[in-house]
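Shown here: coords12.cif, mmCIF, C-alpha atoms.
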```cif
data_model
loop_
_atom_site.label_atom_id
_atom_site.label_comp_id
_atom_site.auth_asym_id
_atom_site.auth_seq_id
_atom_site.Cartn_x
_atom_site.Cartn_y
_atom_site.Cartn_z
CA MET A 1 121.82 57.05 84.84
CA PHE A 2 119.57 57.33 87.92
CA LEU A 3 122.52 57.24 90.31
CA LYS A 4 124.40 59.85 88.28
CA ASN A 5 121.42 62.29 88.40
CA TYR A 6 120.93 61.64 92.11
CA ILE A 7 124.56 62.41 92.95
CA LYS A 8 124.42 65.54 90.75
CA GLU A 9 121.30 66.82 92.59
CA VAL A 10 122.89 66.16 95.99
CA TYR A 11 126.06 67.98 94.94
CA THR A 12 124.06 70.95 93.62
CA GLY A 13 122.03 71.15 96.83
CA VAL A 14 125.08 70.99 99.10
CA SER A 15 126.96 73.61 97.07
CA SER A 16 123.94 75.92 97.19
CA LEU A 17 123.70 75.46 100.96
CA LEU A 18 127.39 76.25 101.42
CA LYS A 19 127.10 79.41 99.29
CA GLY A 20 124.28 80.66 101.52
CA MET A 21 126.15 79.73 104.69
CA ARG A 22 129.24 81.59 103.41
CA LYS A 23 127.19 84.75 102.85
CA THR A 24 125.56 84.43 106.29
CA GLY A 25 128.93 83.88 107.96
CA TYR A 26 130.39 86.91 106.21
CA TYR A 27 127.63 89.19 107.52
CA PHE A 28 127.98 87.67 110.99
CA PHE A 29 131.69 88.54 111.23
CA HIS A 30 131.58 91.78 109.17
CA PRO A 31 128.31 93.59 110.04
CA LYS A 32 128.43 96.59 107.68
CA GLU A 33 124.73 97.33 107.85
CA ILE A 34 121.85 95.81 109.72
CA ILE A 35 119.49 94.22 107.23
CA THR A 36 116.84 92.78 109.52
CA GLN A 37 114.53 94.85 111.69
CA GLN A 38 113.09 93.81 115.03
CA TYR A 39 109.40 94.13 114.25
CA PRO A 40 107.09 94.77 116.22
CA ASP A 41 109.49 96.16 118.84
CA ASN A 42 110.59 98.99 116.53
CA ARG A 43 107.25 100.28 115.25
CA ASP A 44 108.35 103.88 115.88
CA THR A 45 111.58 103.57 113.89
CA LEU A 46 110.47 101.02 111.30
CA GLN A 47 111.63 101.93 107.81
CA LEU A 48 109.96 100.33 104.82
CA ALA A 49 111.31 100.45 101.30
CA SER A 50 109.96 103.33 99.22
CA ARG A 51 108.60 100.82 96.69
CA PHE A 52 106.54 98.99 99.35
CA ARG A 53 102.84 98.64 98.46
CA GLY A 54 100.53 98.60 101.47
CA GLU A 55 97.02 99.57 100.51
CA VAL A 56 95.28 102.03 98.21
CA VAL A 57 94.45 105.45 99.68
CA MET A 58 92.92 108.61 98.27
CA PRO A 59 94.72 111.71 99.57
CA HIS A 60 92.59 114.75 100.44
CA ASP A 61 93.90 118.27 100.98
CA GLU A 62 93.08 120.62 103.86
CA ASN A 63 89.83 121.70 102.10
CA ASN A 64 88.59 118.07 101.92
CA GLU A 65 89.17 117.99 98.16
CA HIS A 66 90.56 115.13 96.08
CA ALA A 67 91.66 114.63 92.48
CA CYS A 68 89.35 111.75 91.51
CA THR A 69 87.17 112.58 88.51
CA GLY A 70 85.19 109.35 88.58
CA CYS A 71 86.56 108.10 85.27
CA THR A 72 86.62 104.50 86.59
CA ALA A 73 89.96 103.74 84.90
CA CYS A 74 91.20 102.22 88.16
CA GLU A 75 88.12 100.01 88.38
CA LEU A 76 88.66 98.76 84.84
CA ALA A 77 92.37 98.13 85.42
CA CYS A 78 91.84 96.09 88.59
CA PRO A 79 92.20 92.39 87.75
CA ASN A 80 89.93 91.09 90.52
CA GLY A 81 87.27 93.72 91.22
CA THR A 82 88.84 95.31 94.28
CA ILE A 83 87.69 98.83 93.40
CA LYS A 84 84.13 100.03 92.77
CA VAL A 85 83.55 103.67 91.85
CA ILE A 86 79.97 104.90 92.18
CA THR A 87 79.46 108.17 90.33
CA LYS A 88 76.81 110.85 90.31
CA PHE A 89 76.16 113.94 88.22
CA ASP A 90 76.58 117.35 89.83
CA VAL A 91 75.05 120.44 88.28
CA ASN A 92 77.37 123.45 88.33
CA PRO A 93 76.11 127.08 88.55
CA GLU A 94 76.05 127.37 84.74
CA GLY A 95 73.62 124.46 84.57
CA LYS A 96 76.11 121.96 83.12
CA ARG A 97 76.11 118.39 84.38
CA LYS A 98 79.48 117.12 85.52
CA LYS A 99 80.41 113.59 86.54
CA ALA A 100 81.63 113.31 90.14
CA VAL A 101 82.50 110.58 92.62
CA ASP A 102 79.72 109.61 94.99
CA THR A 103 81.45 106.68 96.68
CA PHE A 104 84.87 105.11 96.11
CA ILE A 105 84.78 101.61 97.57
CA TYR A 106 87.98 99.64 98.11
CA HIS A 107 87.91 95.97 99.13
CA LEU A 108 91.25 95.45 100.87
CA GLU A 109 90.59 91.74 101.40
CA LEU A 110 90.54 91.21 97.61
CA CYS A 111 93.50 93.44 96.77
CA THR A 112 96.70 91.81 95.53
CA MET A 113 98.67 95.08 95.77
CA CYS A 114 99.50 94.84 92.05
CA ASN A 115 99.56 98.65 91.56
CA LEU A 116 97.64 98.49 88.26
CA CYS A 117 94.94 100.87 89.53
CA ILE A 118 97.57 103.47 90.46
CA GLU A 119 99.18 103.24 87.03
CA ALA A 120 95.81 103.58 85.29
CA CYS A 121 94.67 106.69 87.19
CA PRO A 122 95.10 109.72 84.88
CA THR A 123 94.92 112.30 87.70
CA ASP A 124 97.03 110.52 90.35
CA ALA A 125 94.04 110.59 92.69
CA ILE A 126 94.97 107.34 94.42
CA ARG A 127 98.28 105.97 95.64
CA MET A 128 99.74 103.09 97.61
CA ALA A 129 100.30 103.80 101.30
CA GLN A 130 102.96 102.33 103.59
CA ASN A 131 100.60 100.80 106.17
CA PHE A 132 100.57 97.02 106.32
CA GLU A 133 98.94 95.94 109.58
CA HIS A 134 95.49 94.85 108.42
CA SER A 135 94.54 92.13 110.90
CA VAL A 136 90.91 92.41 112.01
CA PHE A 137 88.36 90.04 113.48
CA ASP A 138 85.51 91.30 111.30
CA ARG A 139 86.04 90.98 107.54
CA SER A 140 83.64 93.87 106.85
CA LYS A 141 86.24 96.27 108.29
CA LEU A 142 88.44 95.51 105.29
CA THR A 143 85.94 97.18 102.94
CA LYS A 144 86.81 100.87 102.97
CA LYS A 145 85.25 104.03 101.59
CA LEU A 146 88.19 106.10 100.36
CA ASN A 147 86.50 109.43 99.70
CA LEU A 148 85.78 111.33 102.89
CA PRO A 149 82.23 112.49 103.72
CA GLY A 150 81.50 115.82 102.06
CA SER A 151 84.59 115.72 99.88
CA LYS A 152 84.60 117.11 96.37
CA ILE A 153 86.88 117.28 93.37
CA ARG A 154 89.71 119.79 93.50
CA GLU A 155 89.38 122.82 91.22
CA GLY A 156 91.36 122.53 88.00
CA VAL A 157 91.30 118.73 87.85
CA GLU A 158 89.64 117.50 84.67
#
```
Step by step, read the file and then write its structure as structure tokens.
Amino acid sequence: MFLKNYIKEVYTGVSSLLKGMRKTGYYFFHPKEIITQQYPDNRDTLQLASRFRGEVVMPHDENNEHACTGCTACELACPNGTIKVITKFDVNPEGKRKKAVDTFIYHLELCTMCNLCIEACPTDAIRMAQNFEHSVFDRSKLTKKLNLPGSKIREGVE
């Protein structure tokens, strides 16, 4: 019984290896498209897949406005506490208090790039960027403040 299982595992392993070698040999002799990219030599022409998840960013428009309402849905959806939203209350000209984002803290070193925060955001205020080079010598540089200084919520976003 032991010998039979051993021979079966060896046969399965060899057949799997030959299947992979056949595919590699086919692409070697019939290069239809180049699959691999010569990183870091091609940083200018590097093309990442559209579904690639790099890091969370908060886009701002030309008036330094964003779409984050401070609802903290992204913070609640994050499985490991990567996002911390600190809110404040602004008083508008009519005297009404309105919740606003004071600081949006993102801990890149904790992020698993799971995309749950992006899915939870009701206003699409945050998204995943394409940048992936995050090597630093100081770990504190991986903690980022996503809202820019002096930024405010875009008109019409509720």
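Here atom CA of A:Leu116 and atom CA of A:Pro79 stand 8.2 Å from one another.
With distances taken over all atoms listed in the file, A:Lys152 is the one residue among A:Glu9, A:Lys152, A:Ile35, A:Arg127 lying closest to A:Lys88.
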Item to check | Atom pair atom CA of A:Arg51 / atom CA of A:His66: separation (Å) | outcome: 23.0 Å
Checklist entry - Evaluating the PyMOL selection byres ((chain A and resi 131) around 8) on the displayed file yields which residues, as a PyMOL selection string? => result chain A and resi 54-55+129-130+132-133
Checklist entry - Expressed in Å to a single decimal, how great is the separation between atom CA of A:Phe104 and atom CA of A:Ala125? => result 11.2 Å
Checklist entry - So what does the PyMOL selection byres ((chain A and resi 57-60) around 10) actually pick up in this one, as JSON, numbers by chain? => result {"A": [54, 55, 56, 61, 62, 63, 64, 65, 66, 67, 68, 104, 106, 118, 124, 125, 126, 127, 128, 129, 130, 144, 145, 146, 147, 148, 151, 152, 153, 154]}
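Among A:Lys141, A:Lys19, A:Arg53, A:His107, the residue with the shortest atom-to-atom distance to A:Cys78, counting all atoms listed in the file, is A:His107.
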Item to check | Residue members of the PyMOL selection byres ((chain A and resi 142) around 6) in the file shown, as JSON, numbers by chain | outcome: {"A": [108, 109, 139, 140, 141, 143]}
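Distances here use all atoms listed in the file; by that measure, the residue among A:Cys117, A:Ala49, A:Ile34, A:Val10 closest to A:Thr72 is A:Cys117.
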Next on the checklist: Can you pull out the residues contacting A:Ala100? Cut-off 6 Å, using all atoms listed in the file, and skip same-chain residues under 2 positions away; I want them as a ChimeraX atom specification.
Outcome noted: /A:69-70,87-89
Using all atoms of stretch 103-107 of chain A that appear in the file, construct an axis-aligned enclosing box with 3 Å of padding on every side and provide its centre coordinates and edge lengths in Å, rounded to one decimal, as lines of an AutoDock Vina configuration file.
```
center_x = 84.7
center_y = 101.3
center_z = 97.6
size_x = 12.5
size_y = 16.7
size_z = 9.0
```
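Nearest residue to A:Glu75 among A:Asp41, A:Asp90, A:Glu119, A:Glu33 is A:Glu119, counting only C-alpha atoms.
Of the residues listed (A:Val157, A:Val14, A:Cys71, A:Ile83), A:Cys71 shows the shortest atom-to-atom separation from A:Val101; distances use only C-alpha atoms.
Considering the residues A:Arg43, A:Lys84, A:Lys8, A:Lys23 and counting all atoms listed in the file, A:Asp102 has its shortest atom-to-atom contact with A:Lys84.
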